[in-house]
Structures are given as C-alpha cells and as structure tokens.
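Visitor: Sharing a structure below in structure tokens format, with a few things to ask.
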2 protein chains.
Amino acid sequence: MPLPEKALIARIRESGQRYEGAVKVGIGDDCAVLRLAPKHEMLVTTDFTLEGIHFRRPWHGPEVVGRRCLTRGLSDIAAMGGEPSAALLSLALPRDLPQKWVDGFMKGLLSLASEFKVPLAGGDIAESPNGIFADIIVLGSVPKGKAILRSGAKASDRIYVTGELGGSSAALEALLAGEKIRPKQFPRHFHPVPRIVLGRFLRQRGLASAMIDLSDGLSTDLAHLCEESGVGAEIQADALPLAQVGEHAGKVGLRNALHGGEDYELLFTASSDSQVPRRIAGVPVTLIGRVRRERHVLLKQNRRPPSELRPQGWQHFAR
Amino acid sequence: MPLPEKALIARIRESGQRYEGAVKVGIGDDCAVLRLAPKHEMLVTTDFTLEGIHFRRPWHGPEVVGRRCLTRGLSDIAAMGGEPSAALLSLALPRDLPQKWVDGFMKGLLSLASEFKVPLAGGDIAESPNGIFADIIVLGSVPKGKAILRSGAKASDRIYVTGELGGSSAALEALLAGEKIRPKQFPRHFHPVPRIVLGRFLRQRGLASAMIDLSDGLSTDLAHLCEESGVGAEIQADALPLAQVGEHAGKVGLRNALHGGEDYELLFTASSDSQVPRRIAGVPVTLIGRVRRERHVLLKQNRRPPSELRPQGWQHFAR
C-alpha cells in the first residue's frame with residue numbers, strides 16, 4: 001500500500017471502539033458485524049466523493065472534504081427518518097498524496113462522526129492511479145415499517161423544506177468565477193450538518209408522508225419524490241427560503257434555490273391536517289407548495305401563469 | 001450524468017426485484033431498507049475495483065471485471081460463514097466509456113449475483129474524471145454470535161485451505177509477460193467462485209475456529225489471521241495445493257501459492273480433534289500446517305531448516 005495504511009487503520013479502529021453502539025466486530029475482520037435492535041430494519045446507503053467531480057483540492061480543504069463525504073451518507077439516513085449506526089469508508093489515494101491531506105480528511109470526517117456518535121466499522125484502502133476517490137457507506141436503523149420513503153406523498157399533501165436553499169451552489173458559483181470566498185460565509189457548503197435530528201422528529205411524530213434529502217437540487221429531488229409517489233406538485237417561488245450567503249449575507253438567486261445541489265436539507269410532504277412546526281430543533285421548516293394529482297411539477301411565480309418546473313438539478317461541477 | 005443512467009438503474013432495479021429476500025426497499029429511495037431474520041447479525045463489507053489497480057481493460061473483459069468485482073465482496077461474506085443478503089454498487093465511469101463495456105460489466109456482475117440470489121439494492125453512479133472506479137458493498141447475515149472471526153485460532157489448531165492456490169497470480173504474471181493466455185485455463189482469475197457454500201458448511205458444523213479469505217495471498221492473509229488471534233503458525237510447503245494452470249495444466253510455483261493474491265479461497269483453522277472433510281461441496285480441503293503459540297509464521301520445506309514466512313502478499317499489479 002502506498003500510504004501509512006497501518007496508521008490510518010489504527011485511527012479508524014480507535015474511532016470504532018469509541019462508540020461501539022451497533023458494531024459487534026469492526027475493523028480487522030473480513031466483514032463488520034452489526035447488531036440490530038429488535039423490531040428494527042437496517043438502512044444502507046453509499047455515496048461517492050470524487051476529486052474533480054465533488055471537490056477540488058484548491059477550493060476544498062481536506063477537513064471540508066472529509067466532513068462533506070460523511071454528510072452525504074448521514075443525510076440519506078436522515079431522509080428516511082433513521083438513526084445512523086455505523087459507517088464504512090473506502091479510500092483510493094494517489095501515491096504522492098501528502099500525509100497531511102489524509103490526516104485532515106480523517107479529522108473532518110471523524111469530527112462529524114463524533115457529533116452523531118457514528119463508529120467507523122470498516123472499509124477498504126487502495127492506491128489510486130489518478131486523484132482521490134472516496135466511497136462512504138452509512139448504515140442506520142429505523143423501527144420496522146417506519147422508514148419515511150419517497151413514495152408516500154398523496155395529492156393535496158403539503159410540501160416543506162428545512163433550512164435554507166441554494167447556499168451550497170452559490171459557493172461553487174463564486175469559486176468557479178474565481179472569487180475568494182470565506183468558508184464561514186457559506187456554511188452549508190463548507191460545514192454542512194446532516195438533518196438527522198429533524199428526520200428523527202418527523203418520523204417519531206409521524207408527520208411526513210414522504211421525504212428525500214436535497215442533494216441534487218430541489219427541482220431534481222422533488223421530481224424523484226413525485227415519480228416514486230406517482231404524483232405531481234406545485235411550488236410557490238416566493239415561498240422558497242433563499243439562503244443568505246457571502247460578505248453581506250445577500251440572498252441567493254431563485255435559480256440556486258430551485259436547481260442548486262448539495263444543500264443537504266430535507267424535502268418532505270405532510271397531510272394538510274398535520275401540524276408541522278415552523279421550526280424543529282432550531283431549524284426553520286417552510287411550507288413551499290402542495291402535492292397535485294397531475295403528474296408534472298408546476299412553479300408559481302406571483303402574477304405570472306404557472307410554468308412547468310423541469311428537473312435541472314445541479315450535476316456537480318464537472319460539466 | 002454521462003451515461004445512460006436510467007437504463008442502468010432500470011437493470012439494477014429489475015435485479016433487485018427478482019430475488020427480494022432481505023430487501024424491503026431497494027433502488028429508488030435515499031437508502032435501501034433491509035430486513036434481518038430474528039436472532040441474526042448483519043455482515044457488511046466493501047471492496048474497490050479500480051482500473052489500473054485491479055484490472056486492465058486490454059486484459060480483462062467487462063464481464064470478467066463485473067464478476068470479479070462482486071466476488072471480492074461475496075468472498076468476505078463467505079469468510080465469516082455468512083449468507084449474502086444484498087449488494088450495493090457504486091460506479092464512477094468515464095464519459096467516453098462505451099455503453100457496451102457497461103453492459104458487459106453488469107452482465108458479469110448480475111450473473112454471479114443470480115448464482116447466489118443476491119439482489120442489487122442500491123448504489124451510486126457518478127462521472128469519473130479518469131478511469132473506471134467501482135465499489136461493491138455486500139451485506140449478509142449470520143446467526144447471532146456465529147460469525148467465524150479471524151481472531152479465534154488457538155495454539156495447536158490445524159490450518160486448512162480450500163481449493164488450489166496461486167492460479168490467479170499466475171495468470172497475471174503471464175499477462176504481464178505479454179503472453180496470450182486463455183481465460184479457461186486460469187479459471188480462478190477469470191471466473192472466480194466465492195466460497196459461500198464452504199463457509200456456510202464450516203459455520204453450520206462449527207468446524208472452523210478462525211477464517212479469512214485469500215485475497216492478498218497466503219503469507220499476508222495468514223499473518224492477518226495470526227495477528228488477530230495472537231498466535232503464530234507453521235506451514236508445510238509441500239502440503240500446499242498448487243494450482244494447475246495454462247495449456248499443459250502445469251503446477252504454479254511455490255511463490256505463487258505463498259504470495260499470490262486474488263485466489264478467493266478460504267483459509268481456516270480447526271481444532272485438532274475436529275473431523276474436517278477432505279472435500280466439501282466438491283472442493284478439496286487441504287491441511288497445510290498448524291497454529292503455534294510463538295507469534296511468528298514458519299515455513300517448513302523438506303530437509304531444510306524452517307524459515308520465517310513474512311507477509312509478501314501480492315499488492316495488485318500497480319507496482
């Protein structure tokens with residue numbers, strides 16, 4: 001192996017032992033062995049983090065890359081209303097990668113893992129012929145039959161989002177334009193917090209009929225939810241909670257909120273007679289539209305006739 | 001997405017539906033949802049398959065790459081004595097990759113999946129800036145406390161391997177030397193069969209005290225097993241079952257059997273009073289040595305004094 005594999009494995013192993021939780025056997029065997037509480041089901045998700053596609057080294061420090069890598073998986077668990085149980089990390093690293101980069105990456109990833117008490121239970125390490133490739137696998141659990149699926153939305157349900165939209169893509173646009181930006185002014189891009197607490201709340205209260213996380217952008221992720229539920233939707237443009245970013249905390253454009261990816265907020269539907277709080281665990285929850293029987297998605301902007309909202313979700317910055 | 005992502009997802013979805021098994025929710029949601037039989041634990045493993053590291057397109061047809069990709073994960077499940085439940089596949093593909101390659105890869109992978117009735121329950125698809133990157137995640141199950149770990153070997157246990165050793169690395173050496181070889185004459189390299197049936201047999205009969213699969217080569221994998229068990233070992237060189245490969249079915253060299261990787265056979269230990277069959281499910285099982293209290297590994301070659309066997313496992317062909 002090209003890298004100080006042993007040191008890396010020791011670090012991962014230590015993390016696995018800190019919060020054992022569901023992990024019965026972690027690093028050091030052919031498989032991780034996980035316990036599952038009685039009457040629960042297991043959730044599994046896997047997400048790539050690829051250099052040149054999901055991040056660029058000059059723009060994203062290693063801690064940011066590590067944090068965002070795990071966020072992608074935890075956000076999927078949140079979108080099912082699940083509790084994270086363990087993560088596995090596969091890392092392919094170029095031979096000439098400085099050890100400092102790997103240390104920073106692990107620091108960012110393990111710091112987020114510790115916020116949610118998620119042990120690293122295993123993974124794979126390989127030499128990459130070209131660029132940094134990571135794949136994060138997150139396992140979670142949910143009481144039997146209680147996972148909040150994409151497929152449960154019903155006509156006349158209301159549509160909500162958590163937090164603010166468009167902040168992450170606004171950061172990327174600024175970076176692509178060559179602007180110098182401060183990570184602190186774009187927190188959803190550089191320091192995302194997966195909405196585990198909100199997802200759990202919605203599941204425990206039985207509030208959400210369907211849910212998805214906003215990783216590819218509202219227009220694309222809403223289309224996924226509608227497709228799985230066999231419904232359409234109507235979105236009110238002026239209801240969208242536009243992220244405030246940058247030096248002057250200006251609001252992002254509507255385009256960012258509609259199509260910008262990687263906000264890792266939750267998009268969910270709830271029956272019109274449900275009492276959905278306006279704020280959950282300190283995070284605003286905003287009503288943005290309603291589910292329709294007709295299977296396309298409409299965008300209403302005041303005074304204009306409604307237009308069709310096609311999925312134009314942001315496909316990372318490769319294109 | 002660069003590729004006919006929808007067609008790929010449709011194919012994966014179809015595979016998921018064919019053998020539902022443990023999968024309650026597959027492709028099309030944020031996470032896969034898996035059931036676990038009562039009184040069982042879940043096994044999870046993840047393994048990279050990287051172009052230029054684990055395969056080369058001129059040498060390995062897409063079906064071979066797909067089959068070997070899933071073999072890596074299933075072999076880890078076999079090494080715990082587990083039953084495979086589901087797989088997730090993350091694929092990063094270069095934009096100019098011919099569709100035919102992807103079709104062949106999926107054909108090889110799904111053909112092996114169908115042999116063991118393993119549904120594909122999810123994954124991730126991304127554009128790769130450089131080369132083909134796959135990560136296979138395999139989930140399995142085992143009755144509580146019955147997983148066969150690497151850590152259970154005791155001094156004076158006997159050491160066994162399944163099948164033949166060195167056949168896979170012999171194929172690679174021939175390829176590296178520029179020889180034209182016939183895949184049929186190197187079946188463990190081009191058409192590996194994960195030892196699920198043998199692993200299950202050993203677990204059900206309670207025969208193995210410790211087990212690992214031979215992915216990195218005997219010397220390296222035996223060192224892992226010894227390290228986890230806190231023991232050493234003594235191996236009889238002339239007991240090793242040398243693979244017979246090539247046009248004239250000649251035996252591979254001792255070096256291939258000791259250090260060659262990717263045979264995906266099982267290495268296990270068993271108490272000296274256990275009755276280990278010489279053949280399980282048609283596959284030979286060979287006694288190759290014994291566990292010692294002293295923590296190093298010795299190699300005995302007839303007439304010579306025993307020498308220390310250091311891990312020199314084959315590190316893929318990148319180096």
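In the structure tokens, chains take letters A, B, ... by order of appearance, with residues numbered from 1 within each chain and ligands from 1 in the order shown.
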Using DSSP on the backbone, list every residue of segment 156-193 of chain B that comes out as helix (DSSP H, G or I), and give them as a PyMOL selection string.
Guide: chain B and resi 167-176+183-185+187-190
Visitor: Can you tell me, as an NGL selection string, what residues are no more than 8 Å from segment 83-97 of chain A when counting only C-alpha atoms, ignoring any on the same chain fewer than 3 positions away?
Guide: (:A and (2-3 or 21-23 or 74 or 77-78 or 101-102 or 116 or 118-142 or 196 or 200)) or (:B and (46-48 or 135))
Visitor: Where in segment 115-316 of chain A does DSSP assign strand (DSSP E or B), given as a ChimeraX atom specification?
Guide: /A:120-128,133-143,158-162,165,210-213,232-236,242,244-245,250-251,266-270,279-280,283-292,297-300,307-308
Visitor: Fewer than 2 positions away in the same chain doesn't count, so skip those; otherwise give me all residues within 12 Å of Gly282 of chain B, counting only C-alpha atoms, as a PyMOL selection string.
Guide: chain B and resi 162-163+195+197-198+277-280+284-285
Visitor: Could you please tell me, as a list in words, which residues of chain B have an atom within 6 Å of chain A when using only C-alpha atoms?
Guide: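 Filtering chain B at 6 Å from chain A with only C-alpha atoms gives Asp29, Asp30, Cys31, Ala32, Val33, Leu34, Arg35, Glu41, Met42, Leu43, Val44, Thr45, Thr46, Asp47, Asp76, Gly123, Asp124 and Arg150 of chain B.
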